[in-house]
Amino acid sequence: MAKIAIIYYSSTGHTHKIAETAAEGARAAGAEVRLRKAAELAPDAAIDSNPAWRTHIEATRDVPEATPEDLEWADGFLLGSPTRFGLPAAQLKQFVDQCGGMWFTGKLQNKAAGAFTGAGNPHGGQESTLLALQNVFYHWGSVIVPVGYTDPLLGEAGGNPYGVSYTDTGQEPLPDTVLAAAKYQGQRIARFADVLARNIDDL
Ligand SMILES: Cc1cc2nc3c(=O)[nH]c(=O)nc-3n(C[C@H](O)[C@H](O)[C@H](O)COP(=O)(O)O)c2cc1C
């Protein structure tokens, strides 16, 4: 059974929903999953300027905060962040930047890795955020597992081959098509992580 870490940052809940749904998919594929949030860095004044942000923080109080050890534990992982000016959020980057010691000692090598994101606009930078996250995976020596066009449901969700992405729906729930893609991405990373973990010593 693969061990999968799903590590995300979310201010207003959409990226968290993708993370949760990907976790469901990974569990459905038989994986043991750690769902973890990146620690909040924004000051209270910023958070309180957006009621949806404060509400989401309260709603996810019980989600454990990610530590680098979660990646060491995992055979594969997904990192997820909202798009911030075409890049991942600083909160997730702060988590990534705590992984220097594990990078240095090679502990992130050969693990299956993927990314997910969302943005306010249909062309607001989803791809650039995913590619930025995947830059990190090259440095770590991880094995990038893109979703590509490996299932028709990905096209129905918007057809982003770099990783699952959504366009912010505000108060409305994310479309079922996007959630189906998130579940698929969770299943896919779990299956690849399992194969890699069982065979890596033969490579
Ligand atoms: C500081 C900031 C920068 C953002 N930058 C972008 C952007 O470059 N393109 C875009 O389409 N949306 C942008 N957005 C919108 C968010 O990406 C979008 O609302 C996201 O879905 C929120 O995810 P969450 O609910 O998980 O926090 C930005 C939002 C904030 C607060």
# chains A, B, ... in the order shown; residues from 1 in each chain; ligands from 1
call {"tool": "closest_atom_pairs", "arguments": {"of": "chain A", "to": "ligand 1", "cutoff": "7 Å", "atoms": "only C-alpha atoms and all ligand atoms", "output": "CSV"}}
result
residue,atom,partner,partner_atom_place_in_ligand_line,distance
A:Tyr9,CA,ligand 1,26 (O),6.7
A:Ser10,CA,ligand 1,26 (O),3.6
A:Ser11,CA,ligand 1,27 (O),3.4
A:Thr12,CA,ligand 1,25 (O),3.5
A:Gly13,CA,ligand 1,25 (O),4.1
A:His14,CA,ligand 1,25 (O),3.8
A:Thr15,CA,ligand 1,26 (O),3.6
A:His16,CA,ligand 1,26 (O),5.8
A:Ser81,CA,ligand 1,26 (O),6.7
A:Pro82,CA,ligand 1,23 (O),4.4
A:Thr83,CA,ligand 1,17 (O),4.0
A:Arg84,CA,ligand 1,5 (N),3.5
A:Phe85,CA,ligand 1,8 (O),3.1
A:Gly86,CA,ligand 1,8 (O),4.3
A:Gly118,CA,ligand 1,21 (O),4.6
A:Ala119,CA,ligand 1,17 (O),3.4
A:Gly120,CA,ligand 1,11 (O),3.7
A:Asn121,CA,ligand 1,11 (O),3.8
A:Pro122,CA,ligand 1,11 (O),6.7
A:His123,CA,ligand 1,11 (O),6.5
A:Gly124,CA,ligand 1,11 (O),3.3
A:Gly125,CA,ligand 1,9 (N),5.3
A:Thr167,CA,ligand 1,21 (O),6.4
A:Asp168,CA,ligand 1,21 (O),4.4
call {"tool": "write_last_selection", "arguments": {"atoms": "C-alpha atoms", "output": "compact mmCIF listing (two decimals), in the first residue's frame"}}
result
# COMPACT_ATOMS: atom_id res chain seq x y z
CA TYR A 9 -2.40 25.82 1.23
CA SER A 10 -5.84 27.41 0.93
CA SER A 11 -7.20 30.77 2.07
CA THR A 12 -10.86 30.44 1.21
CA GLY A 13 -11.34 26.71 0.85
CA HIS A 14 -11.28 25.83 -2.83
CA THR A 15 -7.79 24.35 -2.84
CA HIS A 16 -8.62 22.53 0.38
CA SER A 81 -1.79 25.96 -3.84
CA PRO A 82 -4.02 28.73 -5.11
CA THR A 83 -2.48 30.82 -7.86
CA ARG A 84 -0.96 34.04 -6.53
CA PHE A 85 0.12 36.33 -9.36
CA GLY A 86 0.93 33.28 -11.44
CA GLY A 118 -6.81 27.07 -8.94
CA ALA A 119 -7.16 30.71 -9.91
CA GLY A 120 -9.80 33.38 -10.14
CA ASN A 121 -9.75 33.51 -13.93
CA PRO A 122 -9.88 30.72 -16.48
CA HIS A 123 -6.51 31.87 -17.84
CA GLY A 124 -5.22 33.49 -14.66
CA GLY A 125 -1.99 31.50 -14.32
CA THR A 167 -11.46 28.44 -11.84
CA ASP A 168 -12.67 29.99 -8.57
call {"tool": "residues_around", "arguments": {"residues": "Gly101 in chain A", "least_positions_apart": "2", "cutoff": "12 Å", "atoms": "only C-alpha atoms", "output": "list in words"}}
result
Pro68, Glu69, Leu71, Glu72, Val96, Asp97, Gln98, Cys99, Trp103, Phe104, Thr105, Gly106, Lys107, Leu108 and Trp140 of chain A
call {"tool": "closest_residue", "arguments": {"among": "A:Asn199, A:Asn135, A:Asn110, A:Ser165", "to": "Gly76 in chain A", "atoms": "only C-alpha atoms"}}
result
A:Asn110
call {"tool": "residues_around", "arguments": {"residues": "Asp151 in chain A", "least_positions_apart": "4", "cutoff": "9 Å", "atoms": "only C-alpha atoms", "output": "ChimeraX atom specification"}}
result
/A:147,155,181,184
call {"tool": "atom_distance", "arguments": {"atom1": "CA of Ile7 in chain A", "atom2": "CA of Asp201 in chain A"}}
result
26.3 Å
call {"tool": "select_by_dssp", "arguments": {"residues": "range 15-100 of chain A", "states": "strand (DSSP E)", "output": "number ranges by chain"}}
result
A: 32-37, 76-84, 87-88
call {"tool": "write_last_selection", "arguments": {"atoms": "all heavy atoms", "output": "CSV table (one decimal), in the first residue's frame"}}
result
chain,number,residue,atom,x,y,z
A,32,GLU,N,-2.5,4.8,2.1
A,32,GLU,CA,-2.6,5.5,3.4
A,32,GLU,C,-2.3,7.0,3.1
A,32,GLU,O,-1.3,7.3,2.4
A,32,GLU,CB,-1.6,4.9,4.3
A,32,GLU,CG,-1.7,5.4,5.7
A,32,GLU,CD,-0.6,4.9,6.7
A,32,GLU,OE1,0.1,3.9,6.3
A,32,GLU,OE2,-0.4,5.4,7.8
A,33,VAL,N,-3.1,7.9,3.6
A,33,VAL,CA,-3.0,9.3,3.2
A,33,VAL,C,-2.7,10.2,4.4
A,33,VAL,O,-3.4,10.0,5.4
A,33,VAL,CB,-4.2,9.7,2.4
A,33,VAL,CG1,-4.1,11.2,2.1
A,33,VAL,CG2,-4.4,8.9,1.2
A,34,ARG,N,-1.8,11.1,4.3
A,34,ARG,CA,-1.7,12.2,5.2
A,34,ARG,C,-2.1,13.5,4.5
A,34,ARG,O,-1.5,13.9,3.5
A,34,ARG,CB,-0.3,12.4,5.7
A,34,ARG,CG,0.2,11.3,6.7
A,34,ARG,CD,1.5,11.8,7.3
A,34,ARG,NE,2.1,10.7,8.1
A,34,ARG,CZ,3.3,10.8,8.7
A,34,ARG,NH1,4.0,11.9,8.6
A,34,ARG,NH2,3.7,9.8,9.4
A,35,LEU,N,-3.2,14.1,4.9
A,35,LEU,CA,-3.7,15.4,4.4
A,35,LEU,C,-3.2,16.4,5.3
A,35,LEU,O,-3.5,16.4,6.5
A,35,LEU,CB,-5.2,15.4,4.3
A,35,LEU,CG,-5.9,16.7,3.8
A,35,LEU,CD1,-5.5,16.9,2.3
A,35,LEU,CD2,-7.4,16.6,4.0
A,36,ARG,N,-2.4,17.4,4.8
A,36,ARG,CA,-1.7,18.4,5.7
A,36,ARG,C,-1.8,19.7,5.1
A,36,ARG,O,-1.7,19.9,3.9
A,36,ARG,CB,-0.3,18.0,5.9
A,36,ARG,CG,0.0,16.6,6.5
A,36,ARG,CD,-0.3,16.6,8.0
A,36,ARG,NE,0.0,15.4,8.7
A,36,ARG,CZ,-0.8,14.4,8.9
A,36,ARG,NH1,-2.0,14.4,8.4
A,36,ARG,NH2,-0.4,13.3,9.6
A,37,LYS,N,-2.0,20.7,5.9
A,37,LYS,CA,-2.1,22.1,5.4
A,37,LYS,C,-0.7,22.8,5.7
A,37,LYS,O,-0.1,22.5,6.7
A,37,LYS,CB,-3.2,22.9,6.1
A,37,LYS,CG,-3.0,23.1,7.6
A,37,LYS,CD,-4.2,23.8,8.2
A,37,LYS,CE,-4.0,23.9,9.7
A,37,LYS,NZ,-5.2,24.1,10.5
A,76,GLY,N,4.8,9.0,-2.2
A,76,GLY,CA,4.4,9.9,-3.3
A,76,GLY,C,3.7,11.1,-2.7
A,76,GLY,O,3.1,10.9,-1.5
A,77,PHE,N,3.6,12.2,-3.4
A,77,PHE,CA,2.9,13.3,-2.8
A,77,PHE,C,2.3,14.2,-3.9
A,77,PHE,O,2.8,14.3,-5.0
A,77,PHE,CB,3.9,14.1,-1.9
A,77,PHE,CG,5.2,14.5,-2.5
A,77,PHE,CD1,5.3,15.6,-3.3
A,77,PHE,CD2,6.3,13.7,-2.3
A,77,PHE,CE1,6.5,16.0,-3.9
A,77,PHE,CE2,7.5,14.0,-3.0
A,77,PHE,CZ,7.6,15.2,-3.8
A,78,LEU,N,1.3,15.0,-3.4
A,78,LEU,CA,0.8,16.1,-4.2
A,78,LEU,C,0.9,17.4,-3.4
A,78,LEU,O,0.6,17.4,-2.2
A,78,LEU,CB,-0.7,15.9,-4.5
A,78,LEU,CG,-1.1,14.7,-5.3
A,78,LEU,CD1,-2.7,14.6,-5.4
A,78,LEU,CD2,-0.6,14.8,-6.7
A,79,LEU,N,1.4,18.4,-4.1
A,79,LEU,CA,1.4,19.8,-3.5
A,79,LEU,C,0.3,20.6,-4.2
A,79,LEU,O,0.3,20.6,-5.4
A,79,LEU,CB,2.8,20.4,-3.6
A,79,LEU,CG,4.0,19.7,-3.0
A,79,LEU,CD1,5.2,20.7,-3.1
A,79,LEU,CD2,3.7,19.3,-1.6
A,80,GLY,N,-0.4,21.4,-3.4
A,80,GLY,CA,-1.5,22.2,-4.0
A,80,GLY,C,-1.5,23.6,-3.4
A,80,GLY,O,-1.3,23.8,-2.2
A,81,SER,N,-1.8,24.6,-4.3
A,81,SER,CA,-1.8,26.0,-3.8
A,81,SER,C,-2.7,26.8,-4.7
A,81,SER,O,-2.8,26.5,-5.9
A,81,SER,CB,-0.4,26.6,-3.9
A,81,SER,OG,-0.4,28.0,-3.8
A,82,PRO,N,-3.4,27.8,-4.2
A,82,PRO,CA,-4.0,28.7,-5.1
A,82,PRO,C,-3.0,29.5,-5.9
A,82,PRO,O,-1.8,29.6,-5.5
A,82,PRO,CB,-4.7,29.7,-4.2
A,82,PRO,CG,-4.4,29.3,-2.8
A,82,PRO,CD,-3.5,28.1,-2.8
A,83,THR,N,-3.4,30.0,-7.1
A,83,THR,CA,-2.5,30.8,-7.9
A,83,THR,C,-2.4,32.2,-7.3
A,83,THR,O,-3.4,32.8,-6.9
A,83,THR,CB,-3.0,30.9,-9.3
A,83,THR,OG1,-2.8,29.6,-9.9
A,83,THR,CG2,-2.3,31.9,-10.1
A,84,ARG,N,-1.2,32.7,-7.0
A,84,ARG,CA,-1.0,34.0,-6.5
A,84,ARG,C,-0.1,34.8,-7.5
A,84,ARG,O,1.2,34.5,-7.6
A,84,ARG,CB,-0.2,34.0,-5.2
A,84,ARG,CG,-1.1,33.3,-4.1
A,84,ARG,CD,-2.0,34.4,-3.5
A,84,ARG,NE,-2.7,33.9,-2.3
A,84,ARG,CZ,-3.9,33.4,-2.3
A,84,ARG,NH1,-4.6,33.3,-3.4
A,84,ARG,NH2,-4.5,33.0,-1.2
A,87,LEU,N,1.9,32.4,-9.4
A,87,LEU,CA,2.9,31.6,-8.7
A,87,LEU,C,2.2,30.9,-7.5
A,87,LEU,O,1.1,31.3,-7.1
A,87,LEU,CB,4.0,32.5,-8.1
A,87,LEU,CG,5.0,33.1,-9.1
A,87,LEU,CD1,5.8,34.2,-8.4
A,87,LEU,CD2,5.9,32.0,-9.7
A,88,PRO,N,2.8,29.9,-6.9
A,88,PRO,CA,2.2,29.3,-5.7
A,88,PRO,C,2.2,30.3,-4.5
A,88,PRO,O,3.0,31.3,-4.5
A,88,PRO,CB,3.2,28.2,-5.3
A,88,PRO,CG,4.0,27.9,-6.6
A,88,PRO,CD,4.0,29.2,-7.3
call {"tool": "residues_around", "arguments": {"residues": "Glu127 in chain A", "least_positions_apart": "2", "cutoff": "8 Å", "atoms": "only C-alpha atoms", "output": "list in words"}}
result
Gly125, Thr129, Leu130, Leu131, Asn160 and Tyr162 of chain A
call {"tool": "closest_residue", "arguments": {"among": "A:Glu20, A:Ala112, A:Ala31, A:Tyr8", "to": "Glu65 in chain A", "atoms": "only C-alpha atoms"}}
result
A:Tyr8
call {"tool": "residues_around", "arguments": {"residues": "Arg198 in chain A", "least_positions_apart": "4", "cutoff": "12 Å", "atoms": "only C-alpha atoms", "output": "ChimeraX atom specification"}}
result
/A:1-3,75,110-111,191-194,202-203
call {"tool": "select_by_dssp", "arguments": {"residues": "range 79-183 of chain A", "states": "alpha helix (DSSP H)", "output": "ChimeraX atom specification"}}
result
/A:90-97,100-104,126-140,152-156,176-183
call {"tool": "atom_distance", "arguments": {"atom1": "CA of Gly141 in chain A", "atom2": "CA of Ala29 in chain A"}}
result
24.4 Å
call {"tool": "atom_distance", "arguments": {"atom1": "CA of Pro43 in chain A", "atom2": "CA of Lys93 in chain A"}}
result
16.8 Å
call {"tool": "closest_residue", "arguments": {"among": "A:Ala113, A:Pro152, A:Val143, A:Val164", "to": "Gln126 in chain A", "atoms": "only C-alpha atoms"}}
result
A:Val164
